[in-house]
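Here's protein_14.cif, which has mmCIF, C-alpha atoms:
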data_final
loop_
_atom_site.label_atom_id
_atom_site.label_comp_id
_atom_site.auth_asym_id
_atom_site.auth_seq_id
_atom_site.Cartn_x
_atom_site.Cartn_y
_atom_site.Cartn_z
CA MET A 186 84.68 35.07 165.93
CA THR A 187 81.28 33.57 165.18
CA VAL A 188 79.89 31.47 162.33
CA ALA A 189 79.02 34.77 160.68
CA THR A 190 82.61 36.02 160.44
CA PRO A 191 83.79 35.47 156.86
CA THR A 192 87.20 34.07 155.97
CA LEU A 193 89.11 35.26 152.93
CA GLU A 194 91.54 33.23 150.82
CA VAL A 195 93.38 35.17 148.14
CA ASP A 196 95.04 33.43 145.17
CA ASP A 197 97.77 36.05 144.75
CA TYR A 198 98.39 38.83 147.22
CA PHE A 199 100.45 40.83 144.69
CA VAL A 200 98.56 42.12 141.67
CA GLU A 201 99.37 44.79 139.10
CA LEU A 202 97.28 47.87 138.41
CA GLY A 203 94.52 47.09 135.92
CA ALA A 204 94.55 43.38 136.84
CA ARG A 205 92.29 41.62 139.37
CA PHE A 206 92.38 39.92 142.73
CA GLU A 207 90.77 36.50 142.85
CA GLY A 208 90.03 34.19 145.73
CA ARG A 209 87.39 32.63 147.92
CA VAL A 210 85.14 33.87 150.69
CA LEU A 211 84.06 31.26 153.21
CA LEU A 212 81.56 30.88 156.00
CA PRO A 213 81.66 27.62 157.93
CA GLY A 214 77.89 27.23 158.51
CA THR A 215 76.52 25.19 161.36
CA GLU A 216 74.76 21.89 161.72
CA GLY A 217 72.76 22.85 164.77
CA LEU A 218 70.50 25.76 165.42
CA ASP A 219 72.36 29.01 165.67
CA PRO A 220 70.34 32.21 165.86
CA THR A 221 73.15 34.08 164.13
CA VAL A 222 72.70 32.07 160.93
CA GLU A 223 69.09 33.20 160.61
CA ARG A 224 70.19 36.76 160.75
CA ILE A 225 72.62 36.61 157.80
CA ARG A 226 71.32 38.62 154.86
CA GLU A 227 74.30 38.44 152.55
CA VAL A 228 78.07 38.62 152.38
CA ARG A 229 79.78 41.44 150.49
CA VAL A 230 83.38 41.36 149.31
CA ALA A 231 85.07 44.53 148.11
CA LEU A 232 88.47 45.99 147.40
CA ARG A 233 89.52 49.19 149.10
CA TYR A 234 92.47 51.45 149.65
CA GLY A 235 93.21 54.10 152.21
CA THR A 236 96.06 56.38 153.12
CA GLU A 237 97.77 56.45 156.49
CA GLY A 238 100.36 58.82 157.86
CA ARG A 239 100.68 62.56 158.39
CA GLY A 240 97.94 63.73 156.05
CA ASP A 241 94.19 63.49 156.39
CA SER A 242 92.96 60.16 155.17
CA ASP A 243 91.93 59.47 151.57
CA SER A 244 90.06 56.27 150.87
CA TRP A 245 88.19 54.43 148.16
CA LEU A 246 85.86 51.45 148.30
CA GLY A 247 85.27 49.47 145.14
CA PRO A 248 81.94 48.01 144.06
CA PRO A 249 81.12 45.00 146.25
CA GLN A 250 80.54 41.49 145.03
CA VAL A 251 77.49 40.12 146.84
CA PHE A 252 76.97 36.49 147.91
CA ASP A 253 73.90 34.75 149.35
CA VAL A 254 74.58 32.14 152.00
CA ASN A 255 73.24 28.58 152.12
CA VAL A 256 70.43 27.57 154.46
CA ASP A 257 72.89 26.36 157.06
CA GLY A 258 74.72 29.67 156.89
CA SER A 259 77.68 28.31 154.95
CA LEU A 260 79.26 29.99 151.97
CA HIS A 261 81.94 28.95 149.48
CA GLY A 262 82.01 31.88 147.11
CA ARG A 263 84.58 32.82 144.50
CA PHE A 264 85.29 36.52 144.09
CA THR A 265 86.99 38.57 141.41
CA LEU A 266 87.83 42.18 142.12
CA ASP A 267 89.22 44.53 139.48
CA VAL A 268 91.97 46.97 140.38
CA PRO A 269 91.27 50.29 138.62
CA SER A 270 94.13 51.23 136.33
CA GLU A 271 94.07 54.85 137.52
CA ALA A 272 94.30 54.00 141.23
CA PRO A 273 97.44 54.55 143.32
CA ILE A 274 99.73 51.59 143.87
CA SER A 275 100.60 50.29 147.32
CA TYR A 276 103.16 52.75 148.62
CA ASP A 277 105.17 52.99 151.79
CA GLY A 278 106.60 56.48 151.94
CA SER A 279 107.97 58.90 154.43
CA LEU A 280 104.89 61.06 155.13
CA PHE A 281 102.17 58.69 153.99
CA ARG A 282 101.45 55.18 152.82
CA VAL A 283 98.78 53.75 150.58
CA ARG A 284 97.36 50.51 151.90
CA TRP A 285 95.12 48.14 149.96
CA GLU A 286 92.91 45.46 151.44
CA ILE A 287 90.11 43.12 150.56
CA GLU A 288 87.21 43.35 152.91
CA ALA A 289 84.49 40.73 153.46
CA ARG A 290 81.46 41.83 155.42
CA THR A 291 78.53 39.75 156.62
CA ASP A 292 75.37 41.80 156.70
CA LEU A 293 73.32 40.76 159.75
CA LYS A 294 69.74 41.75 160.52
CA MET A 295 69.57 44.09 163.47
CA ARG A 296 73.19 43.46 164.41
CA LEU A 297 76.55 44.98 163.67
CA ASP A 298 78.16 43.51 160.56
CA LYS A 299 80.89 40.92 160.98
CA LYS A 300 83.95 41.88 159.03
CA SER A 301 87.32 40.48 158.09
CA THR A 302 90.07 42.01 155.98
CA VAL A 303 93.19 40.84 154.23
CA ASP A 304 96.06 43.13 153.26
CA VAL A 305 97.04 42.91 149.61
CA VAL A 306 99.61 44.73 147.50
CA VAL A 307 98.88 46.59 144.27
CA LEU A 308 101.94 46.80 142.04
CA PRO A 309 102.90 49.10 139.19
CA VAL A 310 102.31 47.64 135.74
CA GLY A 311 105.18 45.28 134.95
CA GLY A 312 106.03 44.87 138.62
CA HIS A 313 104.79 41.32 139.18
CA GLY A 314 107.55 39.10 140.50
CA LEU A 315 109.75 42.03 141.53
CA TYR A 316 108.06 42.94 144.80
CA LEU A 317 107.83 41.40 148.28
CA GLN A 318 106.38 44.58 149.80
CA PRO A 319 104.74 47.82 148.74
CA HIS A 320 106.70 50.23 146.56
CA PRO A 321 109.50 51.39 146.72
CA LEU A 322 111.74 48.40 146.10
CA PRO A 323 114.47 47.92 148.72
CA GLY A 324 117.73 49.75 148.10
CA PRO A 325 121.06 48.11 147.38
CA MET B 288 90.54 46.44 124.13
CA ASP B 289 92.06 48.78 126.69
CA ASP B 290 93.41 46.66 129.54
CA GLY B 291 94.45 49.71 131.51
CA ARG B 292 98.12 49.29 130.77
CA PRO B 293 100.05 52.30 129.52
CA THR B 294 101.08 52.24 125.92
CA PRO B 295 104.69 51.16 125.26
CA ALA B 296 107.10 53.85 126.32
CA ALA B 297 108.63 54.96 123.06
CA ALA B 298 107.11 58.31 122.21
CA THR B 299 108.52 61.78 122.69
CA HIS B 300 106.69 64.51 124.53
CA THR B 301 107.47 68.21 124.55
CA VAL B 302 106.49 70.34 127.50
CA GLU B 303 106.96 74.04 128.15
CA ALA B 304 108.50 74.81 131.51
CA VAL B 305 106.94 77.53 133.60
CA PRO B 306 108.92 80.17 135.45
CA THR B 307 108.90 79.94 139.21
CA THR B 308 106.95 83.17 139.10
CA SER B 309 106.74 83.94 142.76
CA LYS B 310 110.51 83.86 143.12
CA ILE B 311 110.96 86.03 140.04
CA LEU B 312 108.43 88.56 141.25
CA VAL B 313 110.03 88.73 144.70
CA LEU B 314 113.47 89.25 143.19
CA ALA B 315 112.15 91.83 140.71
CA GLY B 316 110.35 93.60 143.57
CA ILE B 317 113.49 93.71 145.67
CA ALA B 318 115.47 95.08 142.72
CA LEU B 319 112.85 97.76 142.13
CA ALA B 320 112.76 98.74 145.77
CA ILE B 321 116.55 99.04 145.90
CA ALA B 322 116.63 101.07 142.69
CA ALA B 323 113.89 103.40 143.90
CA THR B 324 115.53 103.87 147.30
CA VAL B 325 118.96 104.60 145.83
CA ALA B 326 117.45 107.08 143.40
CA ALA B 327 115.49 108.73 146.21
CA ILE B 328 118.57 109.07 148.42
CA VAL B 329 120.57 110.63 145.60
CA ILE B 330 117.78 113.07 144.78
CA LEU B 331 117.18 113.83 148.45
CA ALA B 332 120.83 114.74 148.84
CA THR B 333 120.82 117.06 145.86
CA THR B 334 117.36 118.58 145.68
CA GLY B 335 114.41 118.18 148.07
CA VAL B 336 111.94 115.83 149.71
CA GLY B 337 109.21 116.37 147.12
CA THR B 338 111.39 115.26 144.21
CA ALA B 339 112.64 112.24 146.15
CA VAL B 340 109.09 111.08 146.83
CA LEU B 341 108.28 111.59 143.17
CA ILE B 342 111.25 109.42 142.16
CA VAL B 343 110.18 106.67 144.57
CA LEU B 344 106.88 106.59 142.71
CA ILE B 345 108.25 107.05 139.20
CA VAL B 346 110.91 104.31 139.20
CA PRO B 347 108.53 101.43 140.02
CA GLY B 348 105.88 102.97 137.76
CA LEU B 349 108.18 103.08 134.74
CA SER B 350 109.38 99.57 135.51
CA LEU B 351 105.83 98.28 135.55
CA ILE B 352 105.11 99.95 132.22
CA TRP B 353 108.24 98.30 130.78
CA LEU B 354 107.17 94.90 132.12
CA LEU B 355 103.60 95.09 130.91
CA ARG B 356 104.13 96.85 127.57
CA PRO B 357 102.65 95.11 124.53
CA GLY B 358 104.88 92.57 122.82
CA SER B 359 105.39 88.85 122.38
CA ALA B 360 107.47 88.32 125.53
CA ARG B 361 105.63 87.71 128.79
CA PRO B 362 106.54 89.75 131.89
CA ALA B 363 108.53 86.92 133.49
CA GLU B 364 110.41 86.41 130.21
CA ARG B 365 111.27 90.13 130.08
CA VAL B 366 112.63 90.01 133.61
CA SER B 367 114.79 86.96 132.92
CA GLY B 368 115.77 87.91 129.37
CA TRP B 369 114.83 84.41 128.19
CA ARG B 370 111.69 82.85 126.81
CA ASN B 371 110.29 79.90 128.69
CA PRO B 372 112.28 76.78 127.83
CA THR B 373 110.89 73.57 126.41
CA LEU B 374 111.91 70.05 127.35
CA GLU B 375 111.54 67.32 124.77
CA ILE B 376 111.28 64.17 126.86
CA SER B 377 111.71 60.62 125.69
CA PRO B 378 110.71 57.92 126.23
CA TRP B 379 107.21 59.07 127.08
CA PRO B 380 105.37 58.23 129.30
CA VAL B 381 108.07 58.21 131.94
CA ARG B 382 108.12 54.92 133.88
CA LEU B 383 109.75 53.82 137.12
CA GLY B 384 113.31 52.77 136.44
CA SER B 385 113.35 54.46 133.04
CA SER B 386 116.41 56.19 131.68
CA VAL B 387 115.14 59.48 130.37
CA THR B 388 116.65 61.79 127.78
CA ALA B 389 115.42 65.37 127.64
CA VAL B 390 116.40 68.09 125.20
CA TYR B 391 116.39 71.53 126.80
CA ARG B 392 115.82 74.44 124.42
CA ARG B 393 115.57 78.09 125.33
CA GLN B 394 115.51 81.23 123.20
CA PRO B 395 116.65 84.68 124.26
CA VAL B 396 114.19 87.57 124.32
CA ASN B 397 116.66 89.78 122.44
CA LYS B 398 120.25 90.04 121.22
CA ARG B 399 121.45 91.72 124.39
CA THR B 400 120.75 88.50 126.27
CA VAL B 401 123.01 86.56 123.90
CA GLU B 402 125.78 89.13 124.23
CA LYS B 403 125.49 88.99 127.99
CA ALA B 404 125.99 85.21 127.92
CA ALA B 405 129.37 85.67 126.18
CA GLY B 406 129.38 82.40 124.27
CA SER B 407 128.90 79.85 126.99
CA ILE B 408 126.58 79.32 129.90
CA GLN B 409 125.85 76.72 132.56
CA LEU B 410 122.54 74.88 132.95
CA ASP B 411 121.74 73.70 136.49
CA THR B 412 119.14 70.93 136.77
CA GLU B 413 117.47 69.42 139.81
CA LEU B 414 115.25 66.33 139.70
CA ILE B 415 113.04 66.07 142.76
CA CYS B 416 110.43 63.63 144.01
CA GLU B 417 108.36 65.16 146.76
CA GLU B 418 105.76 63.80 149.12
CA TRP B 419 103.02 66.28 149.96
CA VAL B 420 100.34 65.86 152.59
CA GLN B 421 97.58 68.09 153.82
CA TYR B 422 96.02 67.85 157.26
CA THR B 423 93.71 69.79 159.48
CA VAL B 424 94.45 71.00 162.99
CA GLY B 425 91.33 72.53 164.44
CA THR B 426 90.11 74.88 161.75
CA ASP B 427 93.55 75.26 160.15
CA THR B 428 94.58 73.41 157.02
CA ARG B 429 98.29 72.70 156.92
CA THR B 430 100.61 71.08 154.45
CA GLU B 431 103.89 69.28 154.85
CA THR B 432 106.36 68.16 152.23
CA ASP B 433 109.37 65.90 152.15
CA ASP B 434 111.82 65.44 149.28
CA VAL B 435 112.19 61.68 149.14
CA PHE B 436 114.54 61.81 146.16
CA GLU B 437 116.72 64.62 144.94
CA THR B 438 119.59 64.80 142.52
CA SER B 439 121.20 67.75 140.77
CA TRP B 440 123.86 68.41 138.19
CA SER B 441 125.21 71.10 135.87
CA GLU B 442 126.40 71.22 132.33
CA ALA B 443 127.88 73.79 130.01
CA MET B 444 126.07 74.90 126.87
CA SER B 445 127.19 77.13 124.05
CA VAL B 446 124.97 80.11 123.34
CA GLY B 447 124.07 80.94 119.74
CA GLU B 448 121.76 83.55 118.29
CA ASP B 449 118.88 81.05 118.52
CA GLY B 450 119.57 80.50 122.20
CA VAL B 451 120.73 77.37 123.97
CA GLU B 452 120.20 73.66 123.64
CA ALA B 453 121.37 70.89 125.94
CA ILE B 454 120.70 67.19 126.24
CA ILE B 455 120.19 65.99 129.79
CA ARG B 456 119.89 62.41 130.97
CA PHE B 457 118.57 60.97 134.20
CA SER B 458 116.94 57.86 135.62
CA ILE B 459 113.80 57.47 137.69
CA PRO B 460 114.69 55.34 140.75
CA VAL B 461 112.65 52.37 141.91
CA ASP B 462 114.00 52.34 145.47
CA ARG B 463 113.10 55.93 146.36
CA GLY B 464 109.94 57.86 145.65
CA GLY B 465 107.40 56.26 143.37
CA PRO B 466 104.96 56.96 140.60
CA SER B 467 102.98 60.19 140.65
CA ILE B 468 100.09 59.95 143.09
CA HIS B 469 97.35 62.58 143.17
CA LEU B 470 94.94 62.09 146.05
CA ASP B 471 93.08 64.83 147.88
CA HIS B 472 95.35 64.85 150.93
CA SER B 473 98.38 62.80 149.92
CA ARG B 474 100.47 63.30 146.82
CA LEU B 475 103.69 62.12 145.32
CA ARG B 476 104.99 64.39 142.61
CA TRP B 477 108.06 64.78 140.45
CA ARG B 478 109.48 67.99 139.11
CA VAL B 479 112.47 69.20 137.15
CA ASP B 480 113.81 72.58 138.29
CA GLN B 481 116.27 74.29 135.96
CA ARG B 482 118.09 77.57 135.86
CA LEU B 483 120.80 79.20 133.82
CA GLY B 484 124.09 80.02 135.50
CA ARG B 485 125.90 83.33 135.65
CA PRO B 486 125.26 86.04 134.62
CA PHE B 487 121.54 85.16 134.71
CA GLY B 488 120.86 83.04 137.81
CA PRO B 489 117.64 82.78 139.83
CA LEU B 490 115.52 84.93 137.51
CA THR B 491 115.78 82.21 134.86
CA GLU B 492 114.56 79.41 137.13
CA THR B 493 111.80 77.31 135.63
CA ARG B 494 109.94 74.17 136.60
CA ILE B 495 108.13 71.33 134.92
CA ASP B 496 105.93 68.86 136.73
CA LEU B 497 106.89 65.42 135.52
CA ASP B 498 104.21 62.75 135.45
CA VAL B 499 105.71 59.35 136.28
CA VAL B 500 103.24 56.61 135.44
CA SER B 501 102.58 53.58 137.64
CA ALA B 502 104.51 51.22 135.42
CA ILE B 503 107.96 49.78 135.76
CA ASP B 504 110.66 49.50 133.14
CA ARG B 505 111.45 45.83 133.77
CA ASP B 506 114.33 45.62 131.33
CA ALA B 507 116.11 48.51 133.01
CA VAL B 508 115.44 47.25 136.56
CA LEU B 509 116.43 43.65 135.82
CA GLY B 510 119.77 44.74 134.38
CA GLU B 511 119.17 44.51 130.66
CA GLY B 512 118.91 48.27 130.34
CA THR B 513 120.74 51.22 131.74
CA TYR B 514 119.03 51.63 135.10
CA ASP B 515 121.47 52.92 137.67
CA ARG B 516 119.30 53.43 140.77
CA GLY B 517 118.34 56.96 139.92
CA GLU B 518 121.82 58.38 139.48
CA ARG B 519 122.50 60.45 136.47
CA ARG B 520 123.80 58.54 133.48
#
Let me see whether you can do it: turn the structure in this file into structure tokens.
Amino acid sequence: MTVATPTLEVDDYFVELGARFEGRVLLPGTEGLDPTVERIREVRVALRYGTEGRGDSDSWLGPPQVFDVNVDGSLHGRFTLDVPSEAPISYDGSLFRVRWEIEARTDLKMRLDKKSTVDVVVLPVGGHGLYLQPHPLPGP
Amino acid sequence: MDDGRPTPAAATHTVEAVPTTSKILVLAGIALAIAATVAAIVILATTGVGTAVLIVLIVPGLSLIWLLRPGSARPAERVSGWRNPTLEISPWPVRLGSSVTAVYRRQPVNKRTVEKAAGSIQLDTELICEEWVQYTVGTDTRTETDDVFETSWSEAMSVGEDGVEAIIRFSIPVDRGGPSIHLDHSRLRWRVDQRLGRPFGPLTETRIDLDVVSAIDRDAVLGEGTYDRGERR
């Protein structure tokens, strides 16, 4: 973990299809000289889903929201990411699962990007308040 | 403005079921082969090899002509004796937790079919939610499926000259399966398989793919409706 690794804070981890995730992306910055800070180009936050399990992987990456950092390398940005209404919901099945996450990535000059992710749950429409985990709901 | 939410589930939607053609063709092929072989054996016993071979060719040939002759009925309908059924589904779109009512209607191809039914017939229905995945091993592409929800039931229908009609009811569970998912390598799909009972059986088997939208019927799930965890009402 360096000053370039972004932190994500999500307002609500459970959001319905067609709605949006909101939250903050943070970089601490530094008071002293840190060569890493000079290398930060921008921070991108995006929503993505991918499948896991028996089948080959399917994945999707949404359009990123781009943030410039302050001179000291700090960032307090607010993001809003729309969940496409035609996308699959979070699903935990027998042969595969669909996993959603928000990804924040610091783009560094001539270095590998620093990345952090947060798992989120996309619910069916009308499902807010009913779920504590991806679909399906627990049995009786 | 469209906020991406499905319209309220109140409409009715009619869909034509499709015959499970491969099964019908296999069964029809087996029947033809048996008929041709029996005929050949009989002829072989009474006349000669040449006639027997001729019969083996003629029986399937005539059958094919009968199947493909011009007319309003499609080949699979001729084999089964029934036209493809329709299901009138409501509410539409189908949501998770919804209690669904579907009217099954099916017309006979001709009067003989009605006479064969002798007044009453059974309708077998299966509701299935299936996971499907595709994966590669070396240069092979393989698929795997798993039925994550399955329920079946039967009901009796009376047969009139216009055919049969039955009302079926079922619920979409929220604790098994899920909404329809169509990704390249991972899918979740619902289907309704139906067939008529004796004396018709497997040749009348049909299927509809049921699209379950990613929306939940809150009233049903929270107890104000008729949700019963996917069991038939």
Residue with smallest distance to Pro249 in chain A - pool A:Val230, A:Leu315, A:Leu212, A:Val283, counting all atoms listed in the file: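 Checking each of A:Val230, A:Leu315, A:Leu212, A:Val283 against Pro249 in chain A, counting all atoms listed in the file, the winner is A:Val230.
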Among the residues A:Arg229, A:His261, A:Arg284, A:Arg224, the one that comes closest to Val305 in chain A [using only C-alpha atoms]: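 Ranking A:Arg229, A:His261, A:Arg284, A:Arg224 by distance to Val305 in chain A, first place goes to A:Arg284.
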Computed interatomic separation between CA of Thr307 in chain B and CA of Arg282 in chain A (Å): 29.2 Å
Pick from B:His472, B:Arg365, B:His300, B:Arg456, whichever lies nearest to Thr412 in chain B using only C-alpha atoms: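 Counting only C-alpha atoms, the residue closest to Thr412 in chain B is B:Arg456.
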Applied to the shown file, which residues does the PyMOL selection byres ((chain B) within 7 of (chain A)) return, written as a PDB file with C-alpha atoms, keeping the file's coordinate frame?
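Saved file out.pdb follows:
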ATOM      1  CA  ASP B 290      93.410  46.660 129.540  1.00  0.00           C
ATOM      2  CA  GLY B 291      94.450  49.710 131.510  1.00  0.00           C
ATOM      3  CA  ARG B 292      98.120  49.290 130.770  1.00  0.00           C
ATOM      4  CA  GLU B 418     105.760  63.800 149.120  1.00  0.00           C
ATOM      5  CA  VAL B 420     100.340  65.860 152.590  1.00  0.00           C
ATOM      6  CA  GLN B 421      97.580  68.090 153.820  1.00  0.00           C
ATOM      7  CA  TYR B 422      96.020  67.850 157.260  1.00  0.00           C
ATOM      8  CA  VAL B 461     112.650  52.370 141.910  1.00  0.00           C
ATOM      9  CA  ASP B 462     114.000  52.340 145.470  1.00  0.00           C
ATOM     10  CA  ARG B 463     113.100  55.930 146.360  1.00  0.00           C
ATOM     11  CA  GLY B 464     109.940  57.860 145.650  1.00  0.00           C
ATOM     12  CA  GLY B 465     107.400  56.260 143.370  1.00  0.00           C
ATOM     13  CA  ILE B 468     100.090  59.950 143.090  1.00  0.00           C
ATOM     14  CA  LEU B 470      94.940  62.090 146.050  1.00  0.00           C
ATOM     15  CA  ASP B 471      93.080  64.830 147.880  1.00  0.00           C
ATOM     16  CA  HIS B 472      95.350  64.850 150.930  1.00  0.00           C
ATOM     17  CA  SER B 473      98.380  62.800 149.920  1.00  0.00           C
ATOM     18  CA  SER B 501     102.580  53.580 137.640  1.00  0.00           C
ATOM     19  CA  ALA B 502     104.510  51.220 135.420  1.00  0.00           C
ATOM     20  CA  ILE B 503     107.960  49.780 135.760  1.00  0.00           C
ATOM     21  CA  ARG B 505     111.450  45.830 133.770  1.00  0.00           C
TER      22      ARG B 505
END
Residue nearest Leu344 in chain B among B:Thr324, B:Gln481, B:Ser385, B:Thr428 (counting all atoms listed in the file):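 Going through B:Thr324, B:Gln481, B:Ser385, B:Thr428 one by one, the smallest distance to Leu344 in chain B is for B:Thr324.
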Ground truth for the PyMOL selection byres ((chain B and resi 483) around 12), written as number ranges by chain: B: 367-369, 371-372, 391-393, 395, 400, 404, 407-413, 441-446, 450-453, 480-482, 484-493
One-decimal distance in Å that lies between CA of Glu417 in chain B and CA of Asp498 in chain B: 12.3 Å
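Of note, CA of Gly384 in chain B and CA of Arg233 in chain A are spaced 27.2 Å apart.
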Output check: residues returned by the PyMOL selection byres ((chain A and resi 290) around 7), as an NGL selection string: :A and (191 or 228-230 or 288-289 or 291-292 or 298-301)
Best match for closeness to Val508 in chain B among A:Gly235, A:Asp197, A:Tyr316, A:Thr192, counting only C-alpha atoms: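 Once distances to Val508 in chain B are computed over only C-alpha atoms, the minimum belongs to A:Tyr316.
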For Gly208 in chain A: contacts at 8 Å, only C-alpha atoms, fewer than 6 positions along chain excluded, given as an NGL selection string: :A and (193-196 or 263-265)
Got time to write the residues from that selection, C-alpha atoms, as an mmCIF file, in the coordinates of the input?
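Generated file (selection_6.cif):
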data_model
loop_
_atom_site.group_PDB
_atom_site.id
_atom_site.type_symbol
_atom_site.label_atom_id
_atom_site.label_comp_id
_atom_site.auth_asym_id
_atom_site.auth_seq_id
_atom_site.Cartn_x
_atom_site.Cartn_y
_atom_site.Cartn_z
ATOM 1 C CA LEU A 193 89.110 35.260 152.930
ATOM 2 C CA GLU A 194 91.540 33.230 150.820
ATOM 3 C CA VAL A 195 93.380 35.170 148.140
ATOM 4 C CA ASP A 196 95.040 33.430 145.170
ATOM 5 C CA ARG A 263 84.580 32.820 144.500
ATOM 6 C CA PHE A 264 85.290 36.520 144.090
ATOM 7 C CA THR A 265 86.990 38.570 141.410
#
